[in-house]
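The structure appears below as structure tokens.
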Amino acid sequence: MMNRLFSWLSDRLKLPPILHHLLDEAIPGGASWIYIFGSVTLFLFLLQATTGTFLALYYAPTPDHAYESVKFIQEEVPFGGFVRGLHHWGASAMMAAIGLHMLQVFLYGAYKPPREPMWIVGVFLLILTLTFGFTGYLLPWDQKAYWATQVGINLVGSVPWIGGTLARILRGGAELGALTLSRFFAIHTLFLPWLIMFLIAGHLFILRRVGPAGPWDKARAKRISEPFYPKQVFMDAVAMGAVFLALVVLVNLFPAHLGDPADPTDTTFRPVPEWYYLFYYQLLKYSEGPWEPVVTFVLPVLFFAILFAIPFLGRKRERSPARRPIAIGAGALFLVFVFTLLGLAMKETAALKKTDPAVERGRAIYAKLACAGCHRIHGQGAQVGPDLSFVGDARDRDWLIAHFKDPQALVPGSIMPPTRLPEPELEDLTRYMLSLKKG
């Protein structure tokens with residue numbers, strides 16, 4: 001049936017010439033696993049577009065409803081948590097894939113003439129991918145999203161001369177709020193996808209016009225040649241399948257996190273960005289005072305200027321890494337610098353005391369209600385009522401909330417009065433109780 005349908009379409013749409021052009025193009029040096037990263041990056045973009053489309057069906061881009069809509073997706077929508085997890089981990093995977101793809105192109109000298117335009121388009125794609133990560137970060141509207149975006153916009157605001165204007169454009173005004181959220185949502189879901197699809201089309205068009213670069217060994221490139229189909233197609237398909245399975249495993253082991261709702265008044269919250277911004281976050285710690293504009297403006301501009309200029313530096317036609325010691329050495333030093341900062345940032349982040357803001361608020365409510373006058377926690381408080389040191393091991397959330405609302409209904413004869421609290425405060429107090437566990 002499928003063969004007949006394909007033959008019918010092929011006869012009417014004249015598919016054989018198109019398929020021949022797409023699949024039979026020769027690869028100098030033959031197929032290789034080292035060439036998979038471009039296809040994997042494209043696959044991850046399509047995965048992000050697909051999962052993002054389904055998430056947008058339920059997402060409400062307003063401060064009053066954004067957090068609740070994400071929570072609804074996570075907890076109520078069938079497979080919502082799985083789709084959001086794929087979108088969350090897919091963003092990190094796409095960042096890693098595009099980085100590895102550019103590293104492979106740089107190592108193989110595949111940006112050399114006549115492929116300079118393809119490299120330049122690739123740098124623009126990198127910029128758009130980073131922008132995707134930044135604009136999507138705010139959308140859950142939890143504490144981490146809000147304050148990390150606040151930090152990012154403040155960094156933009158520190159750019160000399162034009163920083164203030166750029167920050168106001170990003171925020172949609174003087175404060176981070178409803179206009180910021182709707183603006184970031186529009187950029188993330190409308191502007192960036194069209195731009196990145198246009199650039200991907202241009203990237204592939206240039207590749208088809210100039211052909212694959214192949215290995216840097218000219219003798220091997222002339223001696224061996226294979227069509228894109230079937231070997232390279234098989235390798236790309238295996239790589240894409242492996243990446244998808246890895247994402248499924250990550251989603252099940254580490255579901256996408258959703259913290260407490262954004263609270264603009266909680267200036268004590270310390271946001272930590274995603275890993276692909278973490279090295280830059282660490283560098284900012286060493287650049288306070290007069291050095292801050294250098295790190296926030298000069299270094300990023302210099303970095304991308306060098307990326308754009310790479311095809312026009314050094315020997316025009318030489319691709320062998322052994323004959324490009326300055327370029328390879330500079331690239332290696334840059335990677336050492338980045339991974340050193342990344343390692344330091346991850347070490348400091350791991351050493352931070354992990355505190356749930358809801359638990360801290362619940363602790364404050366416990367103190368405000370003078371619960372220690374009847375209960376003891378780790379030796380502190382009276383012994384009129386039960387010891388609560390490990391109540392989180394003995395009771396679940398539903399029992400605790402029901403008990404707070406009507407103690408006598410669950411514990412006949414209890415002298416504890418009903419707790420009259422708004423639902424958010426009751427939830428925070430419950431979270432504090434659940435945190436009281438052995439170990």
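Residues are named by chain letter and number: chains run A, B, ... in the order of the structure tokens, numbers start at 1 in each chain, and ligands are numbered from 1 in the order shown.
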
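Shell of stretch 246-248 of chain A at 12 Å, with only C-alpha atoms counted and residues fewer than 6 places along the chain excluded, is Leu44, Leu47, Gln48, Gly81, Phe82, Val83, Arg84, Gly85, Leu86, His87, His88, Trp89, Gly90, Ala91, Ser92, Ala93, Met94, Ala239, Met240, Phe254, Pro255 and Ala256 of chain A.
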
Residues as selected, N, CA and C atoms, written as a tab-separated table (two decimals), in the first residue's frame, can you do that?
chain	number	residue	atom	x	y	z
A	44	LEU	N	17.15	17.92	16.72
A	44	LEU	CA	16.79	18.50	18.01
A	44	LEU	C	16.00	19.79	17.84
A	47	LEU	N	12.57	18.67	17.13
A	47	LEU	CA	11.97	18.17	18.37
A	47	LEU	C	11.52	19.33	19.25
A	48	GLN	N	12.36	20.37	19.35
A	48	GLN	CA	11.99	21.55	20.13
A	48	GLN	C	10.76	22.24	19.56
A	81	GLY	N	4.00	16.32	31.44
A	81	GLY	CA	5.31	16.34	32.08
A	81	GLY	C	6.38	15.76	31.18
A	82	PHE	N	6.02	14.73	30.42
A	82	PHE	CA	6.98	14.10	29.50
A	82	PHE	C	7.34	15.06	28.37
A	83	VAL	N	6.34	15.72	27.79
A	83	VAL	CA	6.61	16.65	26.68
A	83	VAL	C	7.43	17.84	27.18
A	84	ARG	N	7.07	18.36	28.36
A	84	ARG	CA	7.85	19.49	28.90
A	84	ARG	C	9.28	19.05	29.21
A	85	GLY	N	9.43	17.82	29.71
A	85	GLY	CA	10.77	17.31	29.97
A	85	GLY	C	11.60	17.19	28.71
A	86	LEU	N	10.97	16.70	27.63
A	86	LEU	CA	11.68	16.62	26.35
A	86	LEU	C	12.11	18.01	25.89
A	87	HIS	N	11.24	18.99	26.07
A	87	HIS	CA	11.57	20.36	25.65
A	87	HIS	C	12.70	20.92	26.50
A	88	HIS	N	12.65	20.65	27.79
A	88	HIS	CA	13.67	21.15	28.72
A	88	HIS	C	15.04	20.55	28.42
A	89	TRP	N	15.11	19.22	28.36
A	89	TRP	CA	16.40	18.57	28.12
A	89	TRP	C	16.82	18.70	26.66
A	90	GLY	N	15.84	18.82	25.76
A	90	GLY	CA	16.18	19.02	24.36
A	90	GLY	C	16.92	20.32	24.12
A	91	ALA	N	16.61	21.35	24.91
A	91	ALA	CA	17.32	22.63	24.79
A	91	ALA	C	18.80	22.46	25.11
A	92	SER	N	19.09	21.74	26.19
A	92	SER	CA	20.49	21.49	26.55
A	92	SER	C	21.18	20.64	25.50
A	93	ALA	N	20.47	19.61	25.01
A	93	ALA	CA	21.06	18.74	23.99
A	93	ALA	C	21.35	19.50	22.71
A	94	MET	N	20.45	20.42	22.32
A	94	MET	CA	20.66	21.19	21.11
A	94	MET	C	21.87	22.10	21.26
A	239	ALA	N	22.28	7.96	15.26
A	239	ALA	CA	22.64	9.01	16.21
A	239	ALA	C	21.40	9.74	16.73
A	240	MET	N	20.47	10.06	15.83
A	240	MET	CA	19.25	10.74	16.26
A	240	MET	C	18.42	9.86	17.18
A	254	PHE	N	15.09	12.59	35.66
A	254	PHE	CA	15.17	13.96	36.16
A	254	PHE	C	14.11	14.82	35.48
A	255	PRO	N	12.86	14.77	35.94
A	255	PRO	CA	11.79	15.58	35.32
A	255	PRO	C	12.13	17.07	35.37
A	256	ALA	N	11.59	17.80	34.41
A	256	ALA	CA	11.81	19.25	34.37
A	256	ALA	C	11.34	19.89	35.67

*Name the residues in contact with A:Ala372 at a cut-off of 9 Å, using only C-alpha atoms, excluding same-chain residues fewer than 5 positions from it; report them as a ChimeraX atom specification.*
/A:366-367,377,380-383

Export, as a PDB file, in the first residue's frame, the selected residues with N, CA and C atoms.
ATOM      1  N   TYR A 366       5.490  28.749  60.976  1.00  0.00           N
ATOM      2  CA  TYR A 366       5.517  27.920  62.188  1.00  0.00           C
ATOM      3  C   TYR A 366       5.922  28.769  63.400  1.00  0.00           C
ATOM      4  N   ALA A 367       6.935  29.630  63.193  1.00  0.00           N
ATOM      5  CA  ALA A 367       7.383  30.497  64.295  1.00  0.00           C
ATOM      6  C   ALA A 367       6.342  31.563  64.606  1.00  0.00           C
ATOM      7  N   ILE A 377      10.849  20.305  67.981  1.00  0.00           N
ATOM      8  CA  ILE A 377      11.554  19.915  66.753  1.00  0.00           C
ATOM      9  C   ILE A 377      13.034  19.892  67.064  1.00  0.00           C
ATOM     10  N   GLN A 380      14.030  21.534  70.317  1.00  0.00           N
ATOM     11  CA  GLN A 380      13.604  22.905  70.553  1.00  0.00           C
ATOM     12  C   GLN A 380      12.084  22.962  70.633  1.00  0.00           C
ATOM     13  N   GLY A 381      11.545  23.490  71.733  1.00  0.00           N
ATOM     14  CA  GLY A 381      10.115  23.626  71.897  1.00  0.00           C
ATOM     15  C   GLY A 381       9.589  22.809  73.067  1.00  0.00           C
ATOM     16  N   ALA A 382       8.296  22.948  73.314  1.00  0.00           N
ATOM     17  CA  ALA A 382       7.656  22.256  74.430  1.00  0.00           C
ATOM     18  C   ALA A 382       7.241  20.852  74.005  1.00  0.00           C
ATOM     19  N   GLN A 383       6.796  20.061  75.011  1.00  0.00           N
ATOM     20  CA  GLN A 383       6.415  18.673  74.752  1.00  0.00           C
ATOM     21  C   GLN A 383       4.940  18.427  75.047  1.00  0.00           C
TER      22      GLN A 383
END

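Across the model, the gap from atom CA of A:Thr131 to atom CA of A:Leu100 is 18.1 Å.
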
*Name the residues of stretch 109-189 of chain A that fall into helix (DSSP H, G or I) according to DSSP on the backbone, using the chain letters and numbers of this document, as a PyMOL selection string.*
chain A and resi 116-137+143-157+163-171+178-189

Can you tell me which residues surround A:Val233 at a distance of at most 10 Å, considering only C-alpha atoms, apart from same-chain residues fewer than 6 positions away, and format the answer as a PDB file with N, CA and C atoms, in the first residue's frame?
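Output file selection-v1.pdb follows:
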ATOM      1  N   LEU A  23      20.042  12.615  -1.916  1.00  0.00           N
ATOM      2  CA  LEU A  23      20.600  11.414  -1.302  1.00  0.00           C
ATOM      3  C   LEU A  23      21.837  10.863  -1.992  1.00  0.00           C
ATOM      4  N   ALA A  31      31.440   8.134   4.224  1.00  0.00           N
ATOM      5  CA  ALA A  31      30.613   8.424   5.400  1.00  0.00           C
ATOM      6  C   ALA A  31      31.430   8.283   6.675  1.00  0.00           C
ATOM      7  N   ILE A  36      27.870  13.392  12.084  1.00  0.00           N
ATOM      8  CA  ILE A  36      26.487  13.243  12.548  1.00  0.00           C
ATOM      9  C   ILE A  36      25.935  14.486  13.243  1.00  0.00           C
ATOM     10  N   SER A  39      23.212  16.803  11.532  1.00  0.00           N
ATOM     11  CA  SER A  39      21.886  16.180  11.449  1.00  0.00           C
ATOM     12  C   SER A  39      21.235  16.082  12.823  1.00  0.00           C
ATOM     13  N   PRO A 227      28.142   7.992  -1.593  1.00  0.00           N
ATOM     14  CA  PRO A 227      26.940   8.835  -1.598  1.00  0.00           C
ATOM     15  C   PRO A 227      26.393   8.987  -0.183  1.00  0.00           C
ATOM     16  N   ALA A 239      22.281   7.962  15.263  1.00  0.00           N
ATOM     17  CA  ALA A 239      22.642   9.015  16.210  1.00  0.00           C
ATOM     18  C   ALA A 239      21.403   9.743  16.732  1.00  0.00           C
TER      19      ALA A 239
END

_When DSSP is applied to the backbone of this structure, which of stretch 341-423 of chain A are assigned strand (DSSP E)? Write them out as a ChimeraX atom specification._
/A:376-377,380-381

*Grab the atom CA of A:Phe404 to atom CA of A:His378 distance for me, in Å with one decimal place.*
20.9 Å

Do you have, as a tab-separated table, the list of residues of stretch 54-154 of chain A lying at most 12 Å from stretch 172-176 of chain A, each with its nearest atom pair and that distance in Å to one decimal, counting only C-alpha atoms and ordered by chain then number?
residue	atom	partner	partner_atom	distance
A:Thr62	CA	A:Leu176	CA	12.0
A:Pro63	CA	A:Leu176	CA	10.2
A:Leu138	CA	A:Leu176	CA	10.4
A:Trp141	CA	A:Leu176	CA	11.2
A:Ala145	CA	A:Leu176	CA	11.6
A:Tyr146	CA	A:Leu176	CA	8.4
A:Trp147	CA	A:Leu176	CA	9.7
A:Ala148	CA	A:Leu176	CA	11.5
A:Thr149	CA	A:Leu176	CA	8.8
A:Gln150	CA	A:Leu176	CA	7.2
A:Val151	CA	A:Leu176	CA	10.8
A:Gly152	CA	A:Leu176	CA	11.4
A:Ile153	CA	A:Leu176	CA	9.0
A:Asn154	CA	A:Leu176	CA	10.6

*Rounded to one decimal in Å, what is the spacing between atom CA of A:Ala213 and atom CA of A:Ala110?*
5.5 Å

_Who sits within 7 Å of stretch 340-354 of chain A, only C-alpha atoms, same chain under 6 positions skipped, as JSON, numbers by chain_ = {"A": [278, 279, 282, 283]}

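With distances restricted to only C-alpha atoms, A:Gly157 is the closest residue to A:Pro293 from A:Pro230, A:Gly157, A:Pro113, A:Pro28.
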
How close does each residue of stretch 234-301 of chain A get to stretch 116-129 of chain A, giving the shortest atom pair and distance in Å to one decimal for every residue with an atom at most 12 Å away, counting only C-alpha atoms, sorted by chain and residue number, as a tab-separated table?
residue	atom	partner	partner_atom	distance
A:Tyr276	CA	A:Thr129	CA	11.0
A:Pro300	CA	A:Ile127	CA	11.1
A:Val301	CA	A:Ile127	CA	11.8

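In this comparison, which uses only C-alpha atoms, the residue of A:Asp396, A:Thr419, A:Phe205, A:Asp428 approaching A:Ala370 most closely is A:Thr419.
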
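Summary of the local environment: counting only C-alpha atoms, residues at most 9 Å from A:Phe269, other than itself and those fewer than 6 positions away along its chain, are Gln143, Lys144, Trp147 and Pro357 of chain A.
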
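Among the candidates A:Lys71, A:Lys222, A:Arg431, A:Arg324, the residue lying nearest to A:Ala364 is A:Arg431 (atoms considered: only C-alpha atoms).
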